[in-house]
>>> print(open('entry-v8.csv').read())   # CSV, C-alpha atoms
chain,number,residue,atom,x,y,z
U,1,MET,CA,-200.0,124.6,-230.6
U,2,ASP,CA,-199.9,120.9,-231.1
U,3,THR,CA,-203.1,118.9,-231.3
U,4,ILE,CA,-201.5,116.0,-229.3
U,5,SER,CA,-202.6,116.1,-225.7
U,6,LEU,CA,-200.3,115.9,-222.7
U,7,PRO,CA,-201.2,112.3,-221.8
U,8,VAL,CA,-200.2,111.1,-225.3
U,9,TRP,CA,-196.8,112.9,-224.9
U,10,LEU,CA,-196.2,111.3,-221.5
U,11,ALA,CA,-197.1,107.9,-222.8
U,12,PHE,CA,-194.7,108.3,-225.7
U,13,VAL,CA,-191.9,109.5,-223.4
U,14,SER,CA,-192.5,106.6,-221.0
U,15,LEU,CA,-192.5,104.1,-223.9
U,16,LEU,CA,-189.2,105.6,-225.1
U,17,CYS,CA,-187.6,105.4,-221.6
U,18,GLY,CA,-188.7,101.7,-221.4
U,19,VAL,CA,-187.1,100.9,-224.7
U,20,VAL,CA,-183.8,102.6,-223.6
U,21,ALA,CA,-183.9,100.7,-220.3
U,22,ALA,CA,-184.4,97.4,-222.1
U,23,ALA,CA,-181.5,98.2,-224.4
U,24,LEU,CA,-179.2,99.0,-221.5
U,25,PHE,CA,-180.2,95.8,-219.8
U,26,VAL,CA,-179.4,93.8,-222.9
U,27,TYR,CA,-176.1,95.7,-223.4
U,28,VAL,CA,-174.8,95.7,-219.8
U,29,VAL,CA,-176.3,92.9,-217.7
U,30,LEU,CA,-176.7,90.0,-220.1
U,31,PRO,CA,-173.0,90.0,-221.3
U,32,ARG,CA,-171.9,89.9,-217.6
U,33,ARG,CA,-174.0,86.8,-217.0
U,34,ARG,CA,-172.6,85.2,-220.1
U,35,ARG,CA,-169.0,85.9,-218.9
U,36,ALA,CA,-169.8,84.5,-215.5
U,37,LYS,CA,-171.2,81.3,-217.0
U,38,ALA,CA,-168.2,81.0,-219.2
U,39,ARG,CA,-165.8,81.4,-216.2
U,40,LYS,CA,-167.7,78.7,-214.3
U,41,ALA,CA,-167.6,76.4,-217.3
U,42,GLN,CA,-163.9,77.0,-217.7
U,43,ALA,CA,-163.2,76.4,-214.0
U,44,ALA,CA,-165.0,73.1,-214.2
U,45,MET,CA,-162.9,71.8,-217.1
U,46,PRO,CA,-160.0,69.6,-216.1
U,47,LYS,CA,-156.6,71.3,-216.7
U,48,PRO,CA,-154.1,69.5,-218.9
U,49,ALA,CA,-150.9,68.4,-217.2
U,50,PRO,CA,-148.0,70.8,-218.1
U,51,ALA,CA,-145.4,69.6,-220.4
U,52,PRO,CA,-142.0,69.0,-218.9
U,53,PRO,CA,-139.7,72.0,-219.7
U,54,THR,CA,-136.9,71.2,-222.1
U,55,GLU,CA,-134.6,73.9,-220.8
U,56,PRO,CA,-134.6,75.8,-217.5
U,57,ALA,CA,-136.6,79.0,-217.5
U,58,PRO,CA,-134.6,82.2,-217.0
U,59,PRO,CA,-134.8,83.8,-213.5
U,60,PRO,CA,-137.4,86.5,-213.2
U,61,VAL,CA,-136.2,90.0,-213.8
U,62,PRO,CA,-136.8,92.3,-210.8
U,63,ALA,CA,-139.0,95.3,-211.5
U,64,VAL,CA,-136.9,98.4,-211.9
U,65,LYS,CA,-139.7,100.9,-212.0
U,66,VAL,CA,-139.9,102.6,-208.7
U,67,LYS,CA,-142.5,105.3,-207.9
U,68,GLN,CA,-140.5,106.7,-205.0
U,69,HIS,CA,-137.2,105.9,-203.3
U,70,SER,CA,-137.2,105.8,-199.5
U,71,LEU,CA,-134.5,105.6,-196.9
U,72,PHE,CA,-135.0,105.7,-193.1
U,73,VAL,CA,-132.6,107.1,-190.5
U,74,ILE,CA,-133.5,105.8,-187.1
U,75,PHE,CA,-131.8,107.9,-184.4
U,76,ALA,CA,-129.8,106.0,-181.8
U,77,HIS,CA,-130.7,108.3,-178.8
U,78,PRO,CA,-133.6,110.6,-179.6
U,79,ASP,CA,-134.0,113.5,-177.2
U,80,ALA,CA,-134.3,117.3,-177.2
U,81,THR,CA,-130.6,117.8,-178.2
U,82,THR,CA,-131.1,115.5,-181.2
U,83,ASP,CA,-134.1,117.7,-182.3
U,84,GLU,CA,-131.9,120.8,-181.9
U,85,ARG,CA,-129.1,119.2,-184.0
U,86,LEU,CA,-131.7,118.2,-186.6
U,87,THR,CA,-133.1,121.7,-186.7
U,88,GLU,CA,-129.6,123.1,-187.4
U,89,TRP,CA,-129.0,120.5,-190.0
U,90,LEU,CA,-132.2,121.5,-191.8
U,91,ARG,CA,-131.2,125.1,-191.7
U,92,GLY,CA,-127.8,124.3,-193.1
U,93,LYS,CA,-129.5,122.5,-196.1
U,94,ASN,CA,-132.0,125.5,-196.7
U,95,ALA,CA,-134.9,123.2,-196.0
U,96,ARG,CA,-138.4,124.6,-196.2
U,97,PHE,CA,-141.4,123.4,-194.3
U,98,ASP,CA,-144.6,122.5,-196.2
U,99,PRO,CA,-147.4,123.2,-193.7
U,100,LEU,CA,-150.0,121.3,-195.8
U,101,LYS,CA,-148.1,118.0,-196.0
U,102,LYS,CA,-146.2,118.6,-192.7
U,103,VAL,CA,-142.8,117.7,-194.2
U,104,PHE,CA,-139.5,119.4,-195.0
U,105,LEU,CA,-138.4,119.8,-198.6
U,106,ILE,CA,-134.7,120.1,-199.6
U,107,ASP,CA,-134.3,121.3,-203.2
U,108,GLY,CA,-130.9,119.8,-204.0
U,109,GLN,CA,-130.2,119.9,-207.8
U,110,GLN,CA,-133.8,120.0,-208.9
U,111,ARG,CA,-136.4,122.3,-207.2
U,112,SER,CA,-139.1,120.5,-209.2
U,113,ASN,CA,-138.3,117.2,-207.5
U,114,PRO,CA,-137.2,118.0,-204.0
U,115,VAL,CA,-136.0,115.5,-201.4
U,116,THR,CA,-138.8,115.1,-198.8
U,117,LEU,CA,-137.9,114.7,-195.2
U,118,ALA,CA,-140.7,113.3,-193.1
U,119,ASN,CA,-141.1,111.8,-189.6
U,120,ALA,CA,-140.6,108.1,-189.5
U,121,PHE,CA,-142.6,107.6,-186.2
U,122,PRO,CA,-145.6,108.0,-186.8
U,123,PRO,CA,-145.1,108.0,-190.5
U,124,GLY,CA,-145.5,111.3,-192.3
U,125,GLU,CA,-146.1,114.3,-190.2
U,126,MET,CA,-143.2,116.4,-189.0
U,127,PRO,CA,-143.4,119.3,-186.6
U,128,ASP,CA,-142.2,122.7,-187.8
U,129,LEU,CA,-138.7,122.6,-186.2
U,130,LEU,CA,-137.7,125.9,-187.7
U,131,ARG,CA,-140.4,127.7,-185.8
U,132,GLY,CA,-139.9,125.8,-182.6
U,133,GLU,CA,-143.2,123.9,-182.7
U,134,SER,CA,-143.6,121.8,-179.5
U,135,HIS,CA,-143.5,118.0,-180.1
U,136,ALA,CA,-142.3,114.7,-178.7
U,137,PRO,CA,-138.7,113.9,-179.5
U,138,ILE,CA,-138.2,112.8,-183.1
U,139,ARG,CA,-137.0,109.2,-183.2
U,140,GLY,CA,-136.2,109.0,-186.8
U,141,VAL,CA,-136.8,110.5,-190.3
U,142,SER,CA,-137.6,109.1,-193.7
U,143,LEU,CA,-136.0,110.6,-196.8
U,144,LEU,CA,-138.2,110.3,-200.0
U,145,VAL,CA,-137.6,111.3,-203.6
U,146,LYS,CA,-139.1,110.4,-206.9
U,147,PRO,CA,-136.8,108.9,-209.5
U,148,PRO,CA,-136.0,110.9,-212.6
U,149,LEU,CA,-137.9,110.3,-215.8
U,150,HIS,CA,-134.6,110.5,-217.8
U,151,LYS,CA,-131.2,109.0,-216.8
U,152,ARG,CA,-129.5,112.3,-217.7
U,153,ARG,CA,-131.3,114.0,-214.8
U,154,ASN,CA,-129.9,111.6,-212.2
U,155,GLN,CA,-128.1,114.4,-210.3
U,156,GLN,CA,-130.9,114.6,-207.7
U,157,MET,CA,-130.4,110.9,-206.9
U,158,HIS,CA,-126.7,111.6,-206.0
U,159,VAL,CA,-127.9,114.5,-203.8
U,160,TYR,CA,-130.4,112.2,-202.2
U,161,VAL,CA,-127.9,109.5,-201.3
U,162,ALA,CA,-125.4,112.1,-200.1
U,163,LEU,CA,-128.0,113.7,-197.8
U,164,ALA,CA,-129.1,110.3,-196.4
U,165,LYS,CA,-125.4,109.3,-195.7
U,166,GLU,CA,-124.7,112.7,-194.1
U,167,LEU,CA,-127.8,112.5,-191.9
U,168,ASN,CA,-126.9,108.9,-190.9
U,169,ASP,CA,-123.3,109.9,-190.0
U,170,ALA,CA,-124.5,113.1,-188.1
U,171,PHE,CA,-126.9,111.2,-185.9
U,172,LYS,CA,-125.2,107.8,-185.6
U,173,GLY,CA,-128.4,106.1,-186.4
U,174,ASP,CA,-129.5,103.0,-188.4
U,175,MET,CA,-130.0,103.5,-192.1
U,176,LEU,CA,-132.8,101.3,-193.5
U,177,ASP,CA,-134.1,100.9,-197.0
U,178,GLY,CA,-137.8,100.9,-198.1
U,179,GLU,CA,-138.3,97.3,-196.9
U,180,GLN,CA,-136.9,98.1,-193.5
U,181,ASN,CA,-133.7,96.2,-194.2
U,182,PRO,CA,-130.2,97.8,-193.4
U,183,ALA,CA,-129.1,99.9,-196.3
U,184,THR,CA,-125.9,98.8,-198.1
U,185,ASP,CA,-123.8,100.0,-201.0
U,186,THR,CA,-126.0,97.8,-203.2
U,187,THR,CA,-129.0,99.8,-202.0
U,188,TYR,CA,-127.3,103.1,-203.0
U,189,GLN,CA,-126.2,101.7,-206.4
U,190,GLN,CA,-129.8,100.7,-207.1
U,191,ILE,CA,-131.0,104.2,-206.3
U,192,LEU,CA,-128.2,105.8,-208.5
U,193,SER,CA,-128.8,103.5,-211.5
>>> encode(input="entry-v8.csv", output="structure tokens")
Amino acid sequence: MDTISLPVWLAFVSLLCGVVAAALFVYVVLPRRRRAKARKAQAAMPKPAPAPPTEPAPPPVPAVKVKQHSLFVIFAHPDATTDERLTEWLRGKNARFDPLKKVFLIDGQQRSNPVTLANAFPPGEMPDLLRGESHAPIRGVSLLVKPPLHKRRNQQMHVYVALAKELNDAFKGDMLDGEQNPATDTTYQQILS
């Protein structure tokens, strides 16, 4: 066995822990304080007047990266018959109900990226219409789909727009885009491009 006693080992370990703690303090805390002081000093400095532009700046390019497309169909007269017609429409599209997310999924051209049909009021949860789950009348639905990673896989976007137009025509509702503005042909072209 070792000839060094337990108190000596404990003293050595505590000394080592103290050195590590001091190193972490120097490494983490002090640079933050220096950065904060530098920001304060920079904010206190007067800013130079901007030079007059020699030529007009180009207009900003709108962001084209969209995580998810969304269209809303708000039913004109929601009631029990509207729910029955929606149930038959879903059956005709071979929609399947996802009990975890409480939405309907329509495969379209790509089963890996289905069109999601959710309740618009309150957002998200849809009753299982195919099993006759009791619910208040559905006042509108939202159609959601993720854009394709590659342009050559744009077929699902055509299915998405066609489903949205068909649903809007079938229920004589108001079609809205993701910002709650009326959907137009421009809206559809942006989705398809």
>>> residues_around(input="entry-v8.csv", residues="segment 168-178 of chain U", least_positions_apart="5", cutoff="9 Å", atoms="all atoms listed in the file", output="count of residues only")
18
>>> residues_around(input="entry-v8.csv", residues="Lys146 of chain U", least_positions_apart="4", cutoff="7 Å", atoms="all atoms listed in the file", output="VMD selection string")
chain U and resid 67 to 69 113
>>> closest_residue(input="entry-v8.csv", among="U:Leu117, U:Asp83, U:Thr186, U:Leu130", to="Ala164 of chain U", atoms="only C-alpha atoms")
U:Leu117
>>> residues_around(input="entry-v8.csv", residues="Gly108 of chain U", least_positions_apart="6", cutoff="12 Å", atoms="all atoms listed in the file", output="ChimeraX atom specification")
/U:93-96,114-116,145,154-163
>>> atom_distance(input="entry-v8.csv", atom1="atom CA of Thr81 of chain U", atom2="atom CA of Asp128 of chain U")
15.8 Å
>>> closest_residue(input="entry-v8.csv", among="U:Arg91, U:Glu166, U:Leu129, U:Pro78", to="Leu143 of chain U", atoms="all atoms listed in the file")
U:Glu166
>>> atom_distance(input="entry-v8.csv", atom1="atom CA of Ala118 of chain U", atom2="atom CA of Phe104 of chain U")
6.5 Å
>>> atom_distance(input="entry-v8.csv", atom1="atom CA of Glu125 of chain U", atom2="atom CA of Lys102 of chain U")
5.0 Å
>>> closest_residue(input="entry-v8.csv", among="U:Ala120, U:Leu24, U:Ile4, U:Leu90", to="Pro137 of chain U", atoms="all atoms listed in the file")
U:Ala120
>>> closest_residue(input="entry-v8.csv", among="U:Ala23, U:Leu192, U:Met126, U:Val103", to="Pro148 of chain U", atoms="only C-alpha atoms")
U:Leu192
>>> residues_around(input="entry-v8.csv", residues="Pro122 of chain U", least_positions_apart="6", cutoff="10 Å", atoms="only C-alpha atoms", output="PyMOL selection string")
chain U and resi 138-141
>>> closest_residue(input="entry-v8.csv", among="U:Gly18, U:Ser193, U:Val26, U:Ile106", to="His150 of chain U", atoms="all atoms listed in the file")
U:Ser193
>>> build_atoms(input="entry-v8.csv", residues="segment 22-33 of chain U", atoms="all heavy atoms", output="CSV table (one decimal), keeping the file's coordinate frame")
chain,number,residue,atom,x,y,z
U,22,ALA,N,-184.5,98.8,-221.6
U,22,ALA,CA,-184.4,97.4,-222.1
U,22,ALA,C,-183.1,97.3,-222.9
U,22,ALA,O,-182.4,96.3,-222.7
U,22,ALA,CB,-185.6,97.1,-222.9
U,23,ALA,N,-182.7,98.3,-223.7
U,23,ALA,CA,-181.5,98.2,-224.4
U,23,ALA,C,-180.3,98.2,-223.5
U,23,ALA,O,-179.3,97.5,-223.7
U,23,ALA,CB,-181.4,99.4,-225.4
U,24,LEU,N,-180.3,99.0,-222.5
U,24,LEU,CA,-179.2,99.0,-221.5
U,24,LEU,C,-179.1,97.7,-220.8
U,24,LEU,O,-178.0,97.2,-220.6
U,24,LEU,CB,-179.4,100.2,-220.5
U,24,LEU,CG,-179.1,101.6,-221.0
U,24,LEU,CD1,-179.4,102.6,-220.0
U,24,LEU,CD2,-177.6,101.7,-221.3
U,25,PHE,N,-180.2,97.1,-220.4
U,25,PHE,CA,-180.2,95.8,-219.8
U,25,PHE,C,-179.6,94.8,-220.7
U,25,PHE,O,-178.7,94.0,-220.3
U,25,PHE,CB,-181.6,95.4,-219.4
U,25,PHE,CG,-181.7,94.0,-218.8
U,25,PHE,CD1,-181.4,93.9,-217.4
U,25,PHE,CD2,-182.1,92.9,-219.5
U,25,PHE,CE1,-181.5,92.7,-216.8
U,25,PHE,CE2,-182.1,91.7,-218.9
U,25,PHE,CZ,-181.8,91.5,-217.6
U,26,VAL,N,-179.9,94.8,-221.9
U,26,VAL,CA,-179.4,93.8,-222.9
U,26,VAL,C,-177.9,94.1,-223.1
U,26,VAL,O,-177.1,93.2,-223.2
U,26,VAL,CB,-180.2,93.8,-224.2
U,26,VAL,CG1,-179.4,93.1,-225.3
U,26,VAL,CG2,-181.6,93.3,-224.0
U,27,TYR,N,-177.5,95.3,-223.1
U,27,TYR,CA,-176.1,95.7,-223.4
U,27,TYR,C,-175.2,95.5,-222.2
U,27,TYR,O,-174.1,95.1,-222.4
U,27,TYR,CB,-176.1,97.2,-223.9
U,27,TYR,CG,-174.7,97.6,-224.3
U,27,TYR,CD1,-174.1,97.2,-225.5
U,27,TYR,CD2,-174.0,98.5,-223.5
U,27,TYR,CE1,-172.9,97.7,-225.8
U,27,TYR,CE2,-172.8,99.0,-223.8
U,27,TYR,CZ,-172.2,98.5,-225.0
U,27,TYR,OH,-171.0,99.0,-225.4
U,28,VAL,N,-175.7,95.7,-221.0
U,28,VAL,CA,-174.8,95.7,-219.8
U,28,VAL,C,-175.0,94.4,-219.0
U,28,VAL,O,-174.0,93.7,-218.7
U,28,VAL,CB,-175.1,96.9,-218.9
U,28,VAL,CG1,-174.3,96.8,-217.6
U,28,VAL,CG2,-174.8,98.2,-219.6
U,29,VAL,N,-176.1,94.0,-218.7
U,29,VAL,CA,-176.3,92.9,-217.7
U,29,VAL,C,-176.2,91.5,-218.4
U,29,VAL,O,-175.5,90.7,-217.8
U,29,VAL,CB,-177.7,93.0,-217.1
U,29,VAL,CG1,-178.0,91.8,-216.2
U,29,VAL,CG2,-177.8,94.3,-216.3
U,30,LEU,N,-176.7,91.3,-219.5
U,30,LEU,CA,-176.7,90.0,-220.1
U,30,LEU,C,-175.2,89.6,-220.5
U,30,LEU,O,-174.9,88.4,-220.2
U,30,LEU,CB,-177.6,89.9,-221.4
U,30,LEU,CG,-179.1,89.9,-221.0
U,30,LEU,CD1,-179.9,89.8,-222.3
U,30,LEU,CD2,-179.5,88.8,-220.1
U,31,PRO,N,-174.4,90.4,-221.0
U,31,PRO,CA,-173.0,90.0,-221.3
U,31,PRO,C,-172.2,89.6,-220.0
U,31,PRO,O,-171.4,88.7,-220.0
U,31,PRO,CB,-172.3,91.2,-221.9
U,31,PRO,CG,-173.4,91.9,-222.6
U,31,PRO,CD,-174.6,91.7,-221.7
U,32,ARG,N,-172.5,90.3,-218.9
U,32,ARG,CA,-171.9,89.9,-217.6
U,32,ARG,C,-172.3,88.5,-217.2
U,32,ARG,O,-171.5,87.7,-216.7
U,32,ARG,CB,-172.3,90.9,-216.5
U,32,ARG,CG,-171.6,92.2,-216.6
U,32,ARG,CD,-171.9,93.1,-215.4
U,32,ARG,NE,-171.3,94.4,-215.6
U,32,ARG,CZ,-171.6,95.4,-214.8
U,32,ARG,NH1,-172.4,95.3,-213.8
U,32,ARG,NH2,-171.0,96.6,-215.1
U,33,ARG,N,-173.6,88.2,-217.4
U,33,ARG,CA,-174.0,86.8,-217.0
U,33,ARG,C,-173.4,85.8,-217.9
U,33,ARG,O,-173.0,84.7,-217.5
U,33,ARG,CB,-175.6,86.8,-217.1
U,33,ARG,CG,-176.3,87.5,-216.1
U,33,ARG,CD,-177.8,87.4,-216.2
U,33,ARG,NE,-178.5,88.1,-215.1
U,33,ARG,CZ,-179.8,88.3,-215.1
U,33,ARG,NH1,-180.5,87.7,-216.0
U,33,ARG,NH2,-180.3,89.0,-214.1
